[in-house]
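Structure first, commentary second.
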Amino acid sequence: MDENEKVSSTRIRKELEEGNVAEVAKLLGYPYTLTGTVVHGDARGRLIGFPTANVATDERFFIPKTGVYVVTCFFDDHVYKGMANVGYKPTFVDNLPEPSIEVNIFQFDQDIYDKAVEVSFLKRIRDEQKFNGIEEIKAQLTKDQKTAENYFNDHDV
């Protein structure tokens, strides 16, 4: 029970559908985490200065609402801080059938293709959006990164 309301899988899924990952962590007692393998993507993130690890989930996980999140990424016995986009890449793609999970790991430049990773969702930053060009994307990602860094500065992760 939490505040007189039952903590159920239905309630957890509803919170994830709404992007309320901080509430999910409170209800579960730990952040919502999914696992997957890093696969090759389009390399657009690298070209604009925000390389991403494209995570293909290993199982049928419930994917949180589309948007940008503060995350940690665990692999090779290390926890890395970052931000993730969950979504359909509307600036570049017109009809992606399923949402992608792209993680920008801060201060990181290793090749991790084919590695198993765990992505933990800590806080939702904003909705996914369509941009009018690369400079607009870079400016927003810079703001998102600052928001995520501030989160990490304020929380012991």
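If you're wondering about the labels, chains in the structure tokens are A, B, ... by order shown, residues count from 1 in each chain, ligands from 1 in order shown.
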Within 8 Å of region 52-65 of chain A, counting only C-alpha atoms, which residues show up once you throw out same-chain ones fewer than 2 positions away? Write them as a PyMOL selection string, please.
chain A and resi 13+16-19+21+34-41+43+45-46+50+67+86+100-105+112-113+117
Set the distance at 12 Å and use only C-alpha atoms: which residues neighbour Tyr32 (chain A) once local chain neighbours fewer than 4 positions away are removed? I'd like the list as a PDB file with N, CA and C atoms, in the first residue's frame.
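Contents of the output file around05.pdb:
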```
ATOM      1  N   ILE A  12       1.667   0.304 -11.670  1.00  0.00           N
ATOM      2  CA  ILE A  12       3.038   0.545 -12.157  1.00  0.00           C
ATOM      3  C   ILE A  12       3.003   0.807 -13.658  1.00  0.00           C
ATOM      4  N   ARG A  13       2.297  -0.023 -14.417  1.00  0.00           N
ATOM      5  CA  ARG A  13       2.204   0.173 -15.870  1.00  0.00           C
ATOM      6  C   ARG A  13       1.569   1.525 -16.209  1.00  0.00           C
ATOM      7  N   GLU A  15       1.624   4.273 -14.431  1.00  0.00           N
ATOM      8  CA  GLU A  15       2.616   5.323 -14.161  1.00  0.00           C
ATOM      9  C   GLU A  15       3.673   5.359 -15.272  1.00  0.00           C
ATOM     10  N   LEU A  16       4.111   4.198 -15.747  1.00  0.00           N
ATOM     11  CA  LEU A  16       5.088   4.152 -16.842  1.00  0.00           C
ATOM     12  C   LEU A  16       4.492   4.725 -18.126  1.00  0.00           C
ATOM     13  N   GLY A  19       4.897   8.247 -18.018  1.00  0.00           N
ATOM     14  CA  GLY A  19       6.269   8.727 -17.892  1.00  0.00           C
ATOM     15  C   GLY A  19       6.693   9.050 -16.476  1.00  0.00           C
ATOM     16  N   ASN A  20       5.909   8.646 -15.505  1.00  0.00           N
ATOM     17  CA  ASN A  20       6.187   8.972 -14.103  1.00  0.00           C
ATOM     18  C   ASN A  20       7.180   7.984 -13.489  1.00  0.00           C
ATOM     19  N   VAL A  21       8.395   7.978 -14.025  1.00  0.00           N
ATOM     20  CA  VAL A  21       9.377   6.993 -13.566  1.00  0.00           C
ATOM     21  C   VAL A  21       9.853   7.266 -12.147  1.00  0.00           C
ATOM     22  N   ALA A  22       9.848   8.516 -11.717  1.00  0.00           N
ATOM     23  CA  ALA A  22      10.225   8.812 -10.332  1.00  0.00           C
ATOM     24  C   ALA A  22       9.197   8.223  -9.368  1.00  0.00           C
ATOM     25  N   GLU A  23       7.922   8.301  -9.726  1.00  0.00           N
ATOM     26  CA  GLU A  23       6.861   7.705  -8.902  1.00  0.00           C
ATOM     27  C   GLU A  23       6.988   6.180  -8.899  1.00  0.00           C
ATOM     28  N   VAL A  24       7.309   5.605 -10.045  1.00  0.00           N
ATOM     29  CA  VAL A  24       7.499   4.154 -10.139  1.00  0.00           C
ATOM     30  C   VAL A  24       8.632   3.719  -9.202  1.00  0.00           C
ATOM     31  N   ALA A  25       9.722   4.473  -9.196  1.00  0.00           N
ATOM     32  CA  ALA A  25      10.847   4.135  -8.308  1.00  0.00           C
ATOM     33  C   ALA A  25      10.423   4.203  -6.848  1.00  0.00           C
ATOM     34  N   LYS A  26       9.607   5.178  -6.520  1.00  0.00           N
ATOM     35  CA  LYS A  26       9.107   5.301  -5.147  1.00  0.00           C
ATOM     36  C   LYS A  26       8.243   4.094  -4.787  1.00  0.00           C
ATOM     37  N   LEU A  27       7.381   3.690  -5.713  1.00  0.00           N
ATOM     38  CA  LEU A  27       6.478   2.566  -5.448  1.00  0.00           C
ATOM     39  C   LEU A  27       7.216   1.237  -5.375  1.00  0.00           C
ATOM     40  N   LEU A  28       8.193   1.049  -6.269  1.00  0.00           N
ATOM     41  CA  LEU A  28       8.940  -0.214  -6.295  1.00  0.00           C
ATOM     42  C   LEU A  28      10.044  -0.275  -5.237  1.00  0.00           C
ATOM     43  N   PHE A  61       9.811  -5.916 -22.511  1.00  0.00           N
ATOM     44  CA  PHE A  61       9.696  -4.996 -21.390  1.00  0.00           C
ATOM     45  C   PHE A  61       8.625  -3.962 -21.681  1.00  0.00           C
ATOM     46  N   PHE A  62       8.059  -3.418 -20.624  1.00  0.00           N
ATOM     47  CA  PHE A  62       7.141  -2.302 -20.769  1.00  0.00           C
ATOM     48  C   PHE A  62       7.998  -1.059 -20.962  1.00  0.00           C
ATOM     49  N   ILE A  63       7.831  -0.384 -22.082  1.00  0.00           N
ATOM     50  CA  ILE A  63       8.634   0.790 -22.395  1.00  0.00           C
ATOM     51  C   ILE A  63       7.908   2.026 -21.846  1.00  0.00           C
ATOM     52  N   PRO A  64       8.623   2.876 -21.090  1.00  0.00           N
ATOM     53  CA  PRO A  64       7.971   4.091 -20.575  1.00  0.00           C
ATOM     54  C   PRO A  64       7.505   5.009 -21.707  1.00  0.00           C
ATOM     55  N   TYR A  69      14.761  11.162 -20.755  1.00  0.00           N
ATOM     56  CA  TYR A  69      14.877  10.762 -19.353  1.00  0.00           C
ATOM     57  C   TYR A  69      16.309  10.886 -18.837  1.00  0.00           C
ATOM     58  N   VAL A  70      16.425  11.124 -17.543  1.00  0.00           N
ATOM     59  CA  VAL A  70      17.690  10.952 -16.838  1.00  0.00           C
ATOM     60  C   VAL A  70      17.803   9.460 -16.557  1.00  0.00           C
ATOM     61  N   VAL A  71      18.952   8.857 -16.886  1.00  0.00           N
ATOM     62  CA  VAL A  71      19.123   7.417 -16.706  1.00  0.00           C
ATOM     63  C   VAL A  71      20.508   7.087 -16.183  1.00  0.00           C
ATOM     64  N   THR A  72      20.634   5.870 -15.685  1.00  0.00           N
ATOM     65  CA  THR A  72      21.945   5.266 -15.517  1.00  0.00           C
ATOM     66  C   THR A  72      21.992   4.056 -16.432  1.00  0.00           C
ATOM     67  N   CYS A  73      23.205   3.725 -16.820  1.00  0.00           N
ATOM     68  CA  CYS A  73      23.421   2.584 -17.711  1.00  0.00           C
ATOM     69  C   CYS A  73      24.498   1.714 -17.063  1.00  0.00           C
ATOM     70  N   GLU A 118      22.000  -2.571 -18.705  1.00  0.00           N
ATOM     71  CA  GLU A 118      20.793  -2.313 -17.928  1.00  0.00           C
ATOM     72  C   GLU A 118      20.591  -0.807 -17.903  1.00  0.00           C
ATOM     73  N   VAL A 119      19.415  -0.358 -18.293  1.00  0.00           N
ATOM     74  CA  VAL A 119      19.096   1.064 -18.289  1.00  0.00           C
ATOM     75  C   VAL A 119      18.051   1.310 -17.208  1.00  0.00           C
ATOM     76  N   SER A 120      18.407   2.188 -16.254  1.00  0.00           N
ATOM     77  CA  SER A 120      17.492   2.534 -15.167  1.00  0.00           C
ATOM     78  C   SER A 120      16.980   3.952 -15.374  1.00  0.00           C
ATOM     79  N   PHE A 121      15.664   4.100 -15.361  1.00  0.00           N
ATOM     80  CA  PHE A 121      15.013   5.379 -15.614  1.00  0.00           C
ATOM     81  C   PHE A 121      14.790   6.099 -14.285  1.00  0.00           C
ATOM     82  N   LEU A 122      15.389   7.289 -14.144  1.00  0.00           N
ATOM     83  CA  LEU A 122      15.348   8.009 -12.880  1.00  0.00           C
ATOM     84  C   LEU A 122      14.361   9.172 -12.867  1.00  0.00           C
ATOM     85  N   LYS A 123      14.300   9.920 -13.979  1.00  0.00           N
ATOM     86  CA  LYS A 123      13.424  11.095 -14.032  1.00  0.00           C
ATOM     87  C   LYS A 123      13.122  11.412 -15.495  1.00  0.00           C
ATOM     88  N   ARG A 124      11.898  11.819 -15.750  1.00  0.00           N
ATOM     89  CA  ARG A 124      11.517  12.244 -17.105  1.00  0.00           C
ATOM     90  C   ARG A 124      11.798  13.730 -17.238  1.00  0.00           C
TER      91      ARG A 124
END
```
Which of chain A fall in strand (DSSP E), as a PyMOL selection string:
chain A and resi 32-39+53-57+67-75+78-87+100-105+116-126
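Note that the spacing between CA of Asp127 (chain A) and CA of Tyr88 (chain A) amounts to 11.5 Å.
One distance worth recording is that between CA of Val68 (chain A) and CA of Gly87 (chain A), which is 8.5 Å.
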For a test of reading the model, state the distance in Å between CA of Met83 (chain A) and CA of Lys146 (chain A), rounded to one decimal.
10.1 Å
Got a sec: who's within 9 Å of Ile48 (chain A), counting only C-alpha atoms, leaving out chain neighbours fewer than 6 positions off, as a short mmCIF file (atom, residue, chain, number, x, y, z; two decimals) with N, CA and C atoms, in the first residue's frame?
```cif
data_model
loop_
_atom_site.label_atom_id
_atom_site.label_comp_id
_atom_site.auth_asym_id
_atom_site.auth_seq_id
_atom_site.Cartn_x
_atom_site.Cartn_y
_atom_site.Cartn_z
N ILE A 134 19.44 20.45 -37.30
CA ILE A 134 20.49 19.93 -36.41
C ILE A 134 20.83 20.91 -35.30
N GLU A 135 20.94 22.19 -35.61
CA GLU A 135 21.31 23.17 -34.58
C GLU A 135 20.25 23.23 -33.48
N ILE A 137 18.31 20.75 -32.58
CA ILE A 137 18.47 19.51 -31.81
C ILE A 137 19.64 19.64 -30.83
N LYS A 138 20.77 20.11 -31.32
CA LYS A 138 21.96 20.25 -30.47
C LYS A 138 21.69 21.18 -29.28
#
```
Picked from chain A by DSSP as alpha helix (DSSP H), as number ranges by chain
A: 9-17, 21-28, 44-47, 134-154
